[in-house]
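> If it helps, the file is called run_18.tsv and holds TSV, C-alpha atoms:
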```
chain	number	residue	atom	x	y	z
A	22	MET	CA	37.12	76.95	102.09
A	23	ALA	CA	35.64	73.78	100.63
A	24	LEU	CA	36.05	70.09	101.35
A	25	ALA	CA	35.17	67.51	98.71
A	26	VAL	CA	33.02	64.68	100.01
A	27	ASN	CA	34.94	61.42	100.28
A	28	LYS	CA	32.32	59.03	98.90
A	29	GLN	CA	33.89	55.93	100.43
A	30	LEU	CA	34.04	57.55	103.87
A	31	ALA	CA	30.51	58.96	103.60
A	32	THR	CA	29.14	55.58	102.50
A	33	GLN	CA	30.90	53.82	105.38
A	34	LEU	CA	29.66	56.32	107.96
A	35	ALA	CA	26.12	56.33	106.51
A	36	ALA	CA	26.01	52.58	107.05
A	37	GLU	CA	27.15	52.96	110.68
A	38	ILE	CA	24.86	55.84	111.72
A	39	PRO	CA	21.17	55.04	112.37
A	40	PRO	CA	18.95	56.75	109.76
A	41	PRO	CA	16.79	59.70	110.87
A	42	ALA	CA	13.19	59.04	111.91
A	43	ARG	CA	11.93	60.91	108.82
A	44	SER	CA	13.71	59.89	105.65
A	45	LEU	CA	13.74	62.02	102.53
A	46	PRO	CA	11.84	60.73	99.50
A	47	GLU	CA	14.13	59.63	96.65
A	48	THR	CA	12.54	62.14	94.27
A	49	GLU	CA	13.82	65.24	96.05
A	50	LYS	CA	16.71	67.05	94.39
A	51	ASN	CA	20.07	66.37	95.94
A	52	VAL	CA	21.01	70.02	96.32
A	53	SER	CA	20.82	71.62	99.72
A	54	ILE	CA	21.88	74.93	101.24
A	55	ALA	CA	21.93	75.55	104.97
A	56	SER	CA	23.75	77.55	107.62
A	57	VAL	CA	26.80	75.78	109.00
A	58	ASP	CA	26.59	74.97	112.70
A	59	ALA	CA	29.32	75.81	115.21
A	60	ASP	CA	30.61	72.23	115.51
A	61	VAL	CA	31.26	71.93	111.77
A	62	LEU	CA	32.91	75.37	111.69
A	63	ASP	CA	35.11	74.36	114.63
A	64	ALA	CA	36.24	71.22	112.80
A	65	PHE	CA	37.00	73.22	109.64
A	66	LEU	CA	39.01	75.71	111.72
A	67	ARG	CA	41.06	72.91	113.29
A	68	LEU	CA	41.68	71.46	109.83
A	69	LEU	CA	42.80	74.87	108.55
A	70	GLU	CA	45.11	75.40	111.52
A	71	LEU	CA	46.99	72.21	110.61
A	72	LEU	CA	48.54	74.16	107.72
A	73	ASP	CA	50.80	75.72	110.36
A	74	LYS	CA	51.66	72.28	111.78
A	75	PRO	CA	52.47	70.11	108.75
A	76	GLU	CA	54.01	67.40	110.91
A	77	GLN	CA	50.58	66.77	112.47
A	78	VAL	CA	48.68	66.56	109.17
A	79	PRO	CA	49.16	62.81	108.47
A	80	VAL	CA	47.64	61.84	111.84
A	81	LEU	CA	45.10	64.57	112.62
A	82	ALA	CA	43.76	65.57	109.19
A	83	PRO	CA	42.07	62.20	108.46
A	84	MET	CA	40.46	62.27	111.93
A	85	ILE	CA	39.08	65.78	111.43
A	86	ILE	CA	37.86	65.03	107.91
A	87	ARG	CA	36.06	61.96	109.27
A	88	GLU	CA	34.52	64.16	111.99
A	89	ILE	CA	33.29	66.68	109.39
A	90	HIS	CA	31.65	63.90	107.36
A	91	TYR	CA	30.03	62.51	110.52
A	92	ARG	CA	28.70	65.91	111.60
A	93	MET	CA	27.29	66.57	108.13
A	94	LEU	CA	25.54	63.19	108.13
A	95	ILE	CA	23.85	63.82	111.50
A	96	GLY	CA	23.06	67.47	110.66
A	97	PRO	CA	20.20	69.07	108.70
A	98	GLN	CA	21.78	68.11	105.35
A	99	GLY	CA	22.46	64.55	106.44
A	100	GLY	CA	19.46	63.19	104.56
A	101	PHE	CA	20.77	64.50	101.24
A	102	LEU	CA	24.30	63.28	101.92
A	103	ARG	CA	23.04	59.87	103.06
A	104	GLN	CA	20.79	59.51	100.01
A	105	VAL	CA	23.64	60.10	97.58
A	106	ASN	CA	26.06	57.86	99.48
A	107	THR	CA	23.84	54.89	100.34
A	108	LEU	CA	24.82	51.96	98.16
A	109	GLY	CA	21.98	50.69	96.00
A	110	SER	CA	19.87	53.86	96.15
A	111	GLN	CA	18.92	55.57	92.91
A	112	SER	CA	20.60	58.77	94.10
A	113	ASN	CA	23.80	56.82	94.65
A	114	GLN	CA	23.54	55.35	91.16
A	115	ILE	CA	23.16	58.85	89.70
A	116	SER	CA	26.11	59.98	91.81
A	117	GLN	CA	28.19	57.18	90.26
A	118	ALA	CA	27.11	58.31	86.79
A	119	ILE	CA	28.08	61.92	87.55
A	120	THR	CA	31.50	60.76	88.76
A	121	TRP	CA	31.94	58.78	85.55
A	122	LEU	CA	30.98	61.79	83.44
A	123	LYS	CA	33.45	64.02	85.29
A	124	ASP	CA	36.22	61.52	84.63
A	125	ASN	CA	35.27	60.85	81.00
A	126	TYR	CA	33.63	64.06	79.74
A	127	ARG	CA	35.91	64.15	76.68
A	128	GLU	CA	34.55	60.82	75.44
A	129	PRO	CA	31.46	60.45	73.21
A	130	LEU	CA	28.45	59.74	75.40
A	131	GLN	CA	25.95	56.95	74.86
A	132	VAL	CA	23.26	57.49	77.51
A	133	ASP	CA	22.00	53.90	77.35
A	134	GLU	CA	25.55	52.60	77.95
A	135	LEU	CA	26.00	54.92	80.94
A	136	ALA	CA	22.65	53.76	82.32
A	137	LYS	CA	23.89	50.16	82.07
A	138	LYS	CA	27.07	51.07	83.93
A	139	VAL	CA	25.00	52.11	86.95
A	140	ASN	CA	22.45	49.29	86.56
A	141	MET	CA	19.44	51.41	85.62
A	142	ALA	CA	16.94	51.29	82.77
A	143	THR	CA	17.60	54.13	80.33
A	144	SER	CA	14.26	55.88	80.88
A	145	THR	CA	14.53	55.62	84.68
A	146	PHE	CA	18.15	56.78	84.56
A	147	HIS	CA	17.29	59.79	82.40
A	148	ARG	CA	14.41	60.82	84.69
A	149	HIS	CA	16.37	60.52	87.93
A	150	PHE	CA	19.46	62.18	86.45
A	151	LYS	CA	17.36	65.22	85.58
A	152	GLU	CA	15.76	65.26	89.04
A	153	VAL	CA	19.18	65.36	90.68
A	154	THR	CA	21.02	67.73	88.31
A	155	THR	CA	18.15	69.58	86.53
A	156	LEU	CA	19.96	68.64	83.27
A	157	SER	CA	19.92	65.68	80.92
A	158	PRO	CA	23.13	63.57	80.84
A	159	LEU	CA	24.11	65.10	77.48
A	160	GLN	CA	23.49	68.64	78.78
A	161	TYR	CA	25.53	67.85	81.89
A	162	GLN	CA	28.44	66.57	79.79
A	163	LYS	CA	28.22	69.68	77.62
A	164	ARG	CA	28.46	71.91	80.72
A	165	LEU	CA	31.50	69.99	81.96
A	166	ARG	CA	33.21	70.40	78.58
A	167	LEU	CA	32.44	74.11	78.26
A	168	TYR	CA	33.51	75.02	81.81
A	169	GLU	CA	36.75	73.07	81.34
A	170	ALA	CA	37.34	74.84	78.00
A	171	GLN	CA	36.84	78.19	79.72
A	172	ARG	CA	39.30	77.17	82.44
A	173	LEU	CA	41.90	76.11	79.86
A	174	MET	CA	41.64	79.49	78.12
A	175	LEU	CA	41.65	81.53	81.34
A	176	VAL	CA	44.22	79.64	83.41
A	177	GLU	CA	46.41	77.89	80.86
A	178	ASN	CA	46.12	80.54	78.10
A	179	GLU	CA	44.99	78.04	75.48
A	180	TYR	CA	43.57	79.28	72.21
A	181	ALA	CA	39.86	78.59	71.70
A	182	ALA	CA	40.61	76.09	68.90
A	183	ASN	CA	42.94	74.09	71.16
A	184	ALA	CA	40.54	74.20	74.12
A	185	CYS	CA	37.74	73.03	71.83
A	186	LEU	CA	39.67	69.89	70.83
A	187	ALA	CA	41.04	69.28	74.34
A	188	VAL	CA	37.56	68.92	75.85
A	189	GLY	CA	36.24	66.57	73.18
A	190	TYR	CA	34.58	68.78	70.55
A	191	GLU	CA	35.22	67.80	66.94
A	192	SER	CA	33.53	70.84	65.40
A	193	PRO	CA	34.82	74.36	66.28
A	194	THR	CA	31.54	75.78	64.91
A	195	GLN	CA	29.48	73.68	67.30
A	196	PHE	CA	31.85	74.56	70.16
A	197	ASN	CA	31.53	78.30	69.49
A	198	ARG	CA	27.75	78.08	69.20
A	199	GLU	CA	27.32	76.14	72.45
A	200	TYR	CA	29.88	78.26	74.30
A	201	LYS	CA	28.01	81.43	73.34
A	202	ARG	CA	24.70	79.86	74.40
A	203	LEU	CA	26.08	79.11	77.88
A	204	PHE	CA	28.23	82.18	78.52
A	205	GLY	CA	26.43	84.74	76.34
A	206	GLU	CA	29.49	85.55	74.21
A	207	PRO	CA	31.96	83.84	71.86
A	208	PRO	CA	34.96	82.23	73.63
A	209	SER	CA	37.63	84.89	72.98
A	210	ARG	CA	35.39	87.81	73.93
A	211	ASN	CA	34.13	86.05	77.06
A	212	VAL	CA	37.63	85.17	78.25
A	213	SER	CA	38.85	88.73	77.66
A	214	LYS	CA	35.90	90.16	79.61
A	215	VAL	CA	36.41	87.74	82.53
A	216	ARG	CA	40.11	88.68	82.67
A	217	GLU	CA	39.27	92.39	82.66
A	218	THR	CA	36.70	91.90	85.42
A	219	THR	CA	39.09	89.98	87.67
A	220	MET	CA	41.88	92.53	87.15
A	221	HIS	CA	39.75	95.48	88.37
```
Take the structure in the file and write it out as structure tokens.


Amino acid sequence: MALAVNKQLATQLAAEIPPPARSLPETEKNVSIASVDADVLDAFLRLLELLDKPEQVPVLAPMIIREIHYRMLIGPQGGFLRQVNTLGSQSNQISQAITWLKDNYREPLQVDELAKKVNMATSTFHRHFKEVTTLSPLQYQKRLRLYEAQRLMLVENEYAANACLAVGYESPTQFNREYKRLFGEPPSRNVSKVRETTMH
């Protein structure tokens, strides 16, 4: 079970909750793995149980989701979450850029234009983007395109040529080359193997 972070809610709560005594340096990567504590698990369970009480969802679900965000912000991963959702921080600016890329991955990417969108100098933007994602903006866009192409072929049964165009590639040759580099096989063979694996 997963819950996408509501950036507006996280930003609002981060502004209301006093910051921890020891703040994380901006240069640390914004990826964190930790055991979930009992309070967060309890909130997730209550959220899940609402599926059996749909009439209560409109009132209780937003309250529980707010509670989960609050508990994450005051927990061991709160520093990471706060960093990404504090307006004006470099991590927040990179988070905005990532959101833009996810919404516009089909479009041609000009890194300097994207840096301007989030009010950062191109060199600073490039450096911090790589610190957060371990990839350059162009590499990140490429990953988004290739994973979406794989999904289109697996879930929507698109042909490789159609998936290639749908995610923004103009050259099927380039698409095939980059797909093989990421997944280790050409598109058709990879999709067939994934289907076989999931069927067994």

> Ranking A:Ile89, A:Arg103, A:Asn183, A:Val80 by minimum distance to Ile38 of chain A and counting all atoms listed in the file, which one comes first?

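Smallest distance to Ile38 of chain A is found for A:Arg103.
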
> Which residues are near Arg127 of chain A? Cut-off 10 Å, only C-alpha atoms, ignore same chain within fewer than 6 positions. Put them as a PDB file with C-alpha atoms, in the frame of the given file.


```pdb
ATOM      1  CA  GLN A 162      28.440  66.570  79.790  1.00  0.00           C
ATOM      2  CA  LYS A 163      28.220  69.680  77.620  1.00  0.00           C
ATOM      3  CA  LEU A 165      31.500  69.990  81.960  1.00  0.00           C
ATOM      4  CA  ARG A 166      33.210  70.400  78.580  1.00  0.00           C
ATOM      5  CA  LEU A 186      39.670  69.890  70.830  1.00  0.00           C
ATOM      6  CA  ALA A 187      41.040  69.280  74.340  1.00  0.00           C
ATOM      7  CA  VAL A 188      37.560  68.920  75.850  1.00  0.00           C
ATOM      8  CA  GLY A 189      36.240  66.570  73.180  1.00  0.00           C
ATOM      9  CA  TYR A 190      34.580  68.780  70.550  1.00  0.00           C
TER      10      TYR A 190
END
```

> Which polymer residues, whether protein, DNA or RNA, lie within 12 Å of the coordinate (36.5, 74.6, 109.2) when you count all atoms listed in the file? List them as a ChimeraX atom specification, using the chain letters and numbers from the file.

/A:22-24,57-71,82,85-86,88-90,92

> Deliver the residues from the most recent selection as a file, using C-alpha atoms, as a PDB file, in the frame of the given file.


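Saved file part.pdb follows:
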```
ATOM      1  CA  MET A  22      37.120  76.950 102.090  1.00  0.00           C
ATOM      2  CA  ALA A  23      35.640  73.780 100.630  1.00  0.00           C
ATOM      3  CA  LEU A  24      36.050  70.090 101.350  1.00  0.00           C
ATOM      4  CA  VAL A  57      26.800  75.780 109.000  1.00  0.00           C
ATOM      5  CA  ASP A  58      26.590  74.970 112.700  1.00  0.00           C
ATOM      6  CA  ALA A  59      29.320  75.810 115.210  1.00  0.00           C
ATOM      7  CA  ASP A  60      30.610  72.230 115.510  1.00  0.00           C
ATOM      8  CA  VAL A  61      31.260  71.930 111.770  1.00  0.00           C
ATOM      9  CA  LEU A  62      32.910  75.370 111.690  1.00  0.00           C
ATOM     10  CA  ASP A  63      35.110  74.360 114.630  1.00  0.00           C
ATOM     11  CA  ALA A  64      36.240  71.220 112.800  1.00  0.00           C
ATOM     12  CA  PHE A  65      37.000  73.220 109.640  1.00  0.00           C
ATOM     13  CA  LEU A  66      39.010  75.710 111.720  1.00  0.00           C
ATOM     14  CA  ARG A  67      41.060  72.910 113.290  1.00  0.00           C
ATOM     15  CA  LEU A  68      41.680  71.460 109.830  1.00  0.00           C
ATOM     16  CA  LEU A  69      42.800  74.870 108.550  1.00  0.00           C
ATOM     17  CA  GLU A  70      45.110  75.400 111.520  1.00  0.00           C
ATOM     18  CA  LEU A  71      46.990  72.210 110.610  1.00  0.00           C
ATOM     19  CA  ALA A  82      43.760  65.570 109.190  1.00  0.00           C
ATOM     20  CA  ILE A  85      39.080  65.780 111.430  1.00  0.00           C
ATOM     21  CA  ILE A  86      37.860  65.030 107.910  1.00  0.00           C
ATOM     22  CA  GLU A  88      34.520  64.160 111.990  1.00  0.00           C
ATOM     23  CA  ILE A  89      33.290  66.680 109.390  1.00  0.00           C
ATOM     24  CA  HIS A  90      31.650  63.900 107.360  1.00  0.00           C
ATOM     25  CA  ARG A  92      28.700  65.910 111.600  1.00  0.00           C
TER      26      ARG A  92
END
```

> Please determine, counting all atoms listed in the file, which residue among A:Ala181, A:Ala136, A:Leu102, A:Ala142 has the shortest atom-to-atom distance to Lys28 of chain A.

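Checking each candidate against Lys28 of chain A, we get A:Leu102 as the closest.
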
> Report, in Å with one decimal, the straight-line distance from atom CA of Gly205 of chain A to atom CA of Leu175 of chain A.

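These two atoms are separated by 16.3 Å.
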
> Just checking: using all atoms listed in the file, which residue out of A:Ala118, A:Ala31, A:Lys74, A:Val132 ends up closest to Gln104 of chain A?

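The shortest atom-to-atom distance to Gln104 of chain A comes from A:Ala31.
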
> Given the point (26.9, 68.1, 81.2) in the file's coordinates, find the residues that have an atom at most 12 Å from it, counting all atoms listed in the file, and give them as a ChimeraX atom specification.

/A:118-127,129-130,132,150-151,154-169,188,199,203

> Selection from above, C-alpha atoms, as a tab-separated table (two decimals), in the coordinates of the input, can you write it?


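Produced file again-v2.tsv, reproduced below:
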```
chain	number	residue	atom	x	y	z
A	118	ALA	CA	27.11	58.31	86.79
A	119	ILE	CA	28.08	61.92	87.55
A	120	THR	CA	31.50	60.76	88.76
A	121	TRP	CA	31.94	58.78	85.55
A	122	LEU	CA	30.98	61.79	83.44
A	123	LYS	CA	33.45	64.02	85.29
A	124	ASP	CA	36.22	61.52	84.63
A	125	ASN	CA	35.27	60.85	81.00
A	126	TYR	CA	33.63	64.06	79.74
A	127	ARG	CA	35.91	64.15	76.68
A	129	PRO	CA	31.46	60.45	73.21
A	130	LEU	CA	28.45	59.74	75.40
A	132	VAL	CA	23.26	57.49	77.51
A	150	PHE	CA	19.46	62.18	86.45
A	151	LYS	CA	17.36	65.22	85.58
A	154	THR	CA	21.02	67.73	88.31
A	155	THR	CA	18.15	69.58	86.53
A	156	LEU	CA	19.96	68.64	83.27
A	157	SER	CA	19.92	65.68	80.92
A	158	PRO	CA	23.13	63.57	80.84
A	159	LEU	CA	24.11	65.10	77.48
A	160	GLN	CA	23.49	68.64	78.78
A	161	TYR	CA	25.53	67.85	81.89
A	162	GLN	CA	28.44	66.57	79.79
A	163	LYS	CA	28.22	69.68	77.62
A	164	ARG	CA	28.46	71.91	80.72
A	165	LEU	CA	31.50	69.99	81.96
A	166	ARG	CA	33.21	70.40	78.58
A	167	LEU	CA	32.44	74.11	78.26
A	168	TYR	CA	33.51	75.02	81.81
A	169	GLU	CA	36.75	73.07	81.34
A	188	VAL	CA	37.56	68.92	75.85
A	199	GLU	CA	27.32	76.14	72.45
A	203	LEU	CA	26.08	79.11	77.88
```

> Quick one: pull the distance between atom CA of Met141 of chain A and atom CA of Glu37 of chain A, Å, one decimal.

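Atom-to-atom, atom CA of Met141 of chain A to atom CA of Glu37 of chain A, that is 26.3 Å.
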
> What's the separation between atom CA of Gln111 of chain A and atom CA of Thr145 of chain A, in Å to one decimal place?

9.3 Å

> I need the residue nearest Phe146 of chain A from this list: A:Ser116, A:Ser56, A:Gln29, A:Gln195. Use only C-alpha atoms for the distance.

A:Ser116
